[in-house]
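Have a look at the structure below, then the notes.
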Amino acid sequence: MRYISTRGDAPALNFEEVVLTGLAPDGGLYVPETIPQFSHDELAAMAGLPYTEIAFRVMKPFVGGAIAEDDFRRIVEDTYATFKHDAVVPLKQLSHNHHLLELFHGPTLAFKDVALQLLGRLLDHFLARRGERGVIMGATSGDTGSAAIEGCRACDQLDIFILHPHERVSAVQRRQMTTVDAPNVHNIAIQGDFDDAQAMVKASFADQSFLQGRRLIAVNSINWARIMAQIVYYVASAVALGAPHREVAFTVPSANFGNLFAGYMARRMGLPVKQFVIATNANDILHRTIADNDFSRRALQATLAPSMDIVVSSNFERLLFEAYGRDSVAVRDLLGRFAEGRAAIDDAPLAQLRSLFSSYSVDDETILEVIREAHAHTGELLDPHTATGYRAAMRCRADATTPMITLATAHPAKFEDAIVRAGFPGAPLPEAMADLMSAPERFEVLPAELAEVQAYVAAKRR
Ligand SMILES: Cc1ncc(COP(=O)(O)O)c(C=O)c1O
Ligand SMILES: N[C@@H](CCOP(=O)(O)O)C(=O)O
């Protein structure tokens with residue numbers, strides 16, 4: 001399998017190369033040159049299989065011959081052995097035809113573990129085989145950071161630098177990153193927002209000279225392996241509810257759009273998905289784009305769902321590339337206009353997107369209301385991100401006969417502030433995290449200045 005850039009002006013890479021990089025040199029994101037297809041029978045045969053077996057079957061075509069089959073199977077099995085639930089991502093029925101896909105049973109209690117536990121192992125495998133070292137630079141609005149650290153810290157060939165927006169992530173999220181005492185882990189609190197952090201990471205891919213030859217690797221969802229691993233739970237949950245004999249729908253709390261793009265890929269691979277609902281918090285650019293064709297930047301707002309406090313949504317570029325029939329010139333033009341502040345999607349691709357995607361935006365007051373409402377009706381305590389999804393599913397589902405699967409992206413214990421404001425005493429952290437709130441923290445506060453951040457990384461990398 002080869003991977004090409006959405007901007008059309010970068011060399012194609014194989015799987016190993018695409019995992020060991022981030023943004024393409026032309027500023028685009030890598031996507032598979034051809035999309036693997038699953039037949040009706042192949043999908044039907046996945047029903048009832050263990051999650052690891054489905055994961056192996058779904059991801060194998062993307063990996064191709066880059067990893068020996070037995071090695072890849074072992075990597076997949078080790079990855080999901082770190083999850084606390086036997087089903088890895090259990091599906092809970094909330095009400096008639098409405099299901100919650102719990103993606104937060106991994107080591108850091110958010111859906112990011114599904115892909116980052118795998119990515120860490122893939123990086124370890126490839127770097128060890130090459131005898132190379134690498135530098136990770138990642139941006140986080142709260143969850144990617146700890147999941148990347150947890151997934152990659154054991155790989156001694158990696159130095160890990162995670163940029164989070166200073167005082168804009170929850171206390172649990174920050175401590176999950178800053179209490180890790182390991183020589184290869186560095187946390188930087190940026191005096192800015194997530195978009196500033198992400199922009200600095202992307203700029204570092206464009207000019208890597210500050211690393212003096214050391215390889216720069218992405219852990220954000222610009223890295224294709226992140227998307228690949230997330231495709232699996234769409235397939236696993238859909239076949240559990242009757243696909244491919246029956247259509248399903250998904251609602252996804254969205255921001256950087258990696259999660260939903262993975263769902264879109266599952267559909268392109270043959271999964272019968274009737275509808276995707278994009279749920280956003282008050283940072284509603286994805287909703288404005290689908291509903292009003294208003295693809296324009298607005299100031300980022302701090303909300304009760306901080307992990308979704310993102311305006312510049314990386315993976316929307318991958319979706320636009322597909323909606324424009326893989327026309328990289330059109331994508332480049334559109335994103336050029338967006339970079340200047342405002343853009344609009346052309347009629348045909350917009351109509352195509354609207355035939356599959358619905359969208360809904362939820363403000364902070366509504367998040368609190370939904371946490372209470374969902375608890376009263378279902379007994380489930382939703383985290384504030386999942387709450388955006390719950391409301392969006394209720395408002396946007398096309399019909400009541402198609403099973404709706406709402407993705408639960410994080411555990412409520414990570415967001416005590418919102419849970420308490422919704423009127424609950426809080427959600428307890430798992431036993432294994434008992435000393436999280438008292439352990440010493442280590443992080444560096446830096447201005448949102450690329451040169452300063454790069455100088456810090458260059459000085460600290462081994
Ligand atoms: C808990 C949670 N929910 C939802 C999202 C949004 O997911 P995506 O960025 O893949 O759209 C994130 C972060 O990305 C998150 O951490
Ligand atoms: N919500 C994320 C932001 C980064 O998104 P990613 O999926 O591209 O890593 C976070 O919690 O850090």
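Chain labels run A, B, ... following the order of the structure tokens; each chain numbers its residues from 1, and ligands are numbered from 1 in the order shown.
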(Q) For range 380-385 of chain A, find every residue with an atom within 8 Å (counting only C-alpha atoms), except residues of its own chain fewer than 6 positions away, and show them as a PyMOL selection string. (A) chain A and resi 253+281+304-305+307-308+367-368+371+374+408-415+418-419
Q | Close residues, range 206-218 of chain A itself excluded, 9 Å, only C-alpha atoms, min 6 positions apart in chain, as a list in words | A |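 In the requested form, the answer reads Val19, Leu20, Thr21, Gly22, Leu23, Ala24, Pro25, Asp26, Gly27, Glu132, Arg133, Gly134, Val135, Ile136, Met137, Gly138, Gln454, Ala455, Val457, Ala458 and Arg461 of chain A.
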May I have the residues from that selection written out with N, CA and C atoms, as a PDB file, in the first residue's frame?
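File part_16.pdb, as written:
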ATOM      1  N   VAL A  19       4.144   5.999   8.722  1.00  0.00           N
ATOM      2  CA  VAL A  19       4.038   5.958  10.185  1.00  0.00           C
ATOM      3  C   VAL A  19       5.158   6.782  10.818  1.00  0.00           C
ATOM      4  N   LEU A  20       6.314   6.790  10.166  1.00  0.00           N
ATOM      5  CA  LEU A  20       7.485   7.464  10.742  1.00  0.00           C
ATOM      6  C   LEU A  20       7.555   8.935  10.363  1.00  0.00           C
ATOM      7  N   THR A  21       6.439   9.504   9.911  1.00  0.00           N
ATOM      8  CA  THR A  21       6.471  10.927   9.571  1.00  0.00           C
ATOM      9  C   THR A  21       5.237  11.611  10.143  1.00  0.00           C
ATOM     10  N   GLY A  22       4.851  12.715   9.524  1.00  0.00           N
ATOM     11  CA  GLY A  22       3.654  13.429   9.981  1.00  0.00           C
ATOM     12  C   GLY A  22       3.048  14.080   8.773  1.00  0.00           C
ATOM     13  N   LEU A  23       3.163  15.386   8.729  1.00  0.00           N
ATOM     14  CA  LEU A  23       2.667  16.110   7.567  1.00  0.00           C
ATOM     15  C   LEU A  23       3.550  15.815   6.348  1.00  0.00           C
ATOM     16  N   ALA A  24       2.943  15.808   5.156  1.00  0.00           N
ATOM     17  CA  ALA A  24       3.740  15.640   3.933  1.00  0.00           C
ATOM     18  C   ALA A  24       4.546  16.925   3.684  1.00  0.00           C
ATOM     19  N   PRO A  25       5.643  16.818   2.946  1.00  0.00           N
ATOM     20  CA  PRO A  25       6.470  18.012   2.708  1.00  0.00           C
ATOM     21  C   PRO A  25       5.729  19.137   1.976  1.00  0.00           C
ATOM     22  N   ASP A  26       4.647  18.813   1.259  1.00  0.00           N
ATOM     23  CA  ASP A  26       3.875  19.869   0.589  1.00  0.00           C
ATOM     24  C   ASP A  26       2.791  20.455   1.501  1.00  0.00           C
ATOM     25  N   GLY A  27       2.813  20.051   2.770  1.00  0.00           N
ATOM     26  CA  GLY A  27       1.844  20.579   3.744  1.00  0.00           C
ATOM     27  C   GLY A  27       0.565  19.776   3.804  1.00  0.00           C
ATOM     28  N   GLU A 132      17.286   3.453  14.490  1.00  0.00           N
ATOM     29  CA  GLU A 132      17.201   4.923  14.409  1.00  0.00           C
ATOM     30  C   GLU A 132      16.568   5.497  15.655  1.00  0.00           C
ATOM     31  N   ARG A 133      16.795   6.795  15.873  1.00  0.00           N
ATOM     32  CA  ARG A 133      16.091   7.505  16.938  1.00  0.00           C
ATOM     33  C   ARG A 133      15.093   8.463  16.304  1.00  0.00           C
ATOM     34  N   GLY A 134      14.109   8.887  17.070  1.00  0.00           N
ATOM     35  CA  GLY A 134      13.125   9.828  16.543  1.00  0.00           C
ATOM     36  C   GLY A 134      12.697  10.820  17.603  1.00  0.00           C
ATOM     37  N   VAL A 135      12.150  11.942  17.141  1.00  0.00           N
ATOM     38  CA  VAL A 135      11.614  12.963  18.042  1.00  0.00           C
ATOM     39  C   VAL A 135      10.122  13.102  17.738  1.00  0.00           C
ATOM     40  N   ILE A 136       9.323  12.973  18.766  1.00  0.00           N
ATOM     41  CA  ILE A 136       7.883  13.189  18.615  1.00  0.00           C
ATOM     42  C   ILE A 136       7.563  14.607  19.042  1.00  0.00           C
ATOM     43  N   MET A 137       6.821  15.322  18.197  1.00  0.00           N
ATOM     44  CA  MET A 137       6.228  16.588  18.648  1.00  0.00           C
ATOM     45  C   MET A 137       4.736  16.444  18.448  1.00  0.00           C
ATOM     46  N   GLY A 138       3.985  16.622  19.529  1.00  0.00           N
ATOM     47  CA  GLY A 138       2.536  16.490  19.437  1.00  0.00           C
ATOM     48  C   GLY A 138       1.847  17.666  20.097  1.00  0.00           C
ATOM     49  N   GLN A 454      11.066  25.394  19.396  1.00  0.00           N
ATOM     50  CA  GLN A 454      12.039  24.546  18.674  1.00  0.00           C
ATOM     51  C   GLN A 454      13.397  24.539  19.399  1.00  0.00           C
ATOM     52  N   ALA A 455      13.781  25.684  19.946  1.00  0.00           N
ATOM     53  CA  ALA A 455      15.070  25.734  20.661  1.00  0.00           C
ATOM     54  C   ALA A 455      15.000  24.815  21.885  1.00  0.00           C
ATOM     55  N   VAL A 457      13.094  22.118  22.249  1.00  0.00           N
ATOM     56  CA  VAL A 457      13.121  20.722  21.772  1.00  0.00           C
ATOM     57  C   VAL A 457      14.551  20.329  21.388  1.00  0.00           C
ATOM     58  N   ALA A 458      15.219  21.217  20.658  1.00  0.00           N
ATOM     59  CA  ALA A 458      16.586  20.910  20.200  1.00  0.00           C
ATOM     60  C   ALA A 458      17.522  20.717  21.381  1.00  0.00           C
ATOM     61  N   ARG A 461      16.363  17.177  23.409  1.00  0.00           N
ATOM     62  CA  ARG A 461      16.349  15.846  22.783  1.00  0.00           C
ATOM     63  C   ARG A 461      17.707  15.179  22.969  1.00  0.00           C
TER      64      ARG A 461
END
(Q) Which residues are near ligand 1 - at most 7 Å, using only C-alpha atoms and all ligand atoms? Format: as an MDAnalysis selection string. (A) chainID A and resid 110:112 141:144 253:260 307:308 385:386 409:410
Q: Within range 225-300 of chain A, find each residue whose DSSP state, derived from the backbone, is strand (DSSP E), and express the selection as a PyMOL selection string.
A: chain A and resi 248-253+273-280+295-296
Emit the selected residues as a tab-separated table (two decimals), in the first residue's frame, including C-alpha atoms.
chain	number	residue	atom	x	y	z
A	248	VAL	CA	-26.14	1.74	11.07
A	249	ALA	CA	-25.54	5.41	11.94
A	250	PHE	CA	-22.85	7.07	14.06
A	251	THR	CA	-22.69	10.27	16.07
A	252	VAL	CA	-19.19	11.50	16.81
A	253	PRO	CA	-18.03	14.31	19.13
A	273	VAL	CA	-23.33	3.51	7.25
A	274	LYS	CA	-26.46	5.48	6.50
A	275	GLN	CA	-25.60	8.65	8.40
A	276	PHE	CA	-22.81	10.35	10.33
A	277	VAL	CA	-23.69	13.08	12.81
A	278	ILE	CA	-20.93	15.57	13.61
A	279	ALA	CA	-21.28	16.90	17.17
A	280	THR	CA	-19.34	20.01	18.16
A	295	PHE	CA	-16.02	27.44	6.39
A	296	SER	CA	-14.52	30.39	8.23
Q. Quick one: residues within 10 Å of Val114 in chain A, only C-alpha atoms counted, chain neighbours fewer than 5 positions away excluded, as a ChimeraX atom specification?
A. /A:79-80,82-83,88-89,103-107,119,147,151,226,229-230,232-233
**Q.** Which of A:Val445, A:Ile222, A:Ile345, A:Ala240 sits closest to ligand 2 [using only C-alpha atoms and all ligand atoms]
**A.**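 Using only C-alpha atoms and all ligand atoms, the shortest distance to ligand 2 belongs to A:Ile222.
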Q | Atom-to-atom span, CA of Thr378 in chain A and CA of Leu429 in chain A, Å | A |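 Distance reported for this atom pair: 21.2 Å.
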Q.
Here is a test: counting only C-alpha atoms and all ligand atoms, which residue of A:Asp435, A:Asp284, A:Asp193, A:Glu449 is nearest to ligand 2?
A. A:Asp193
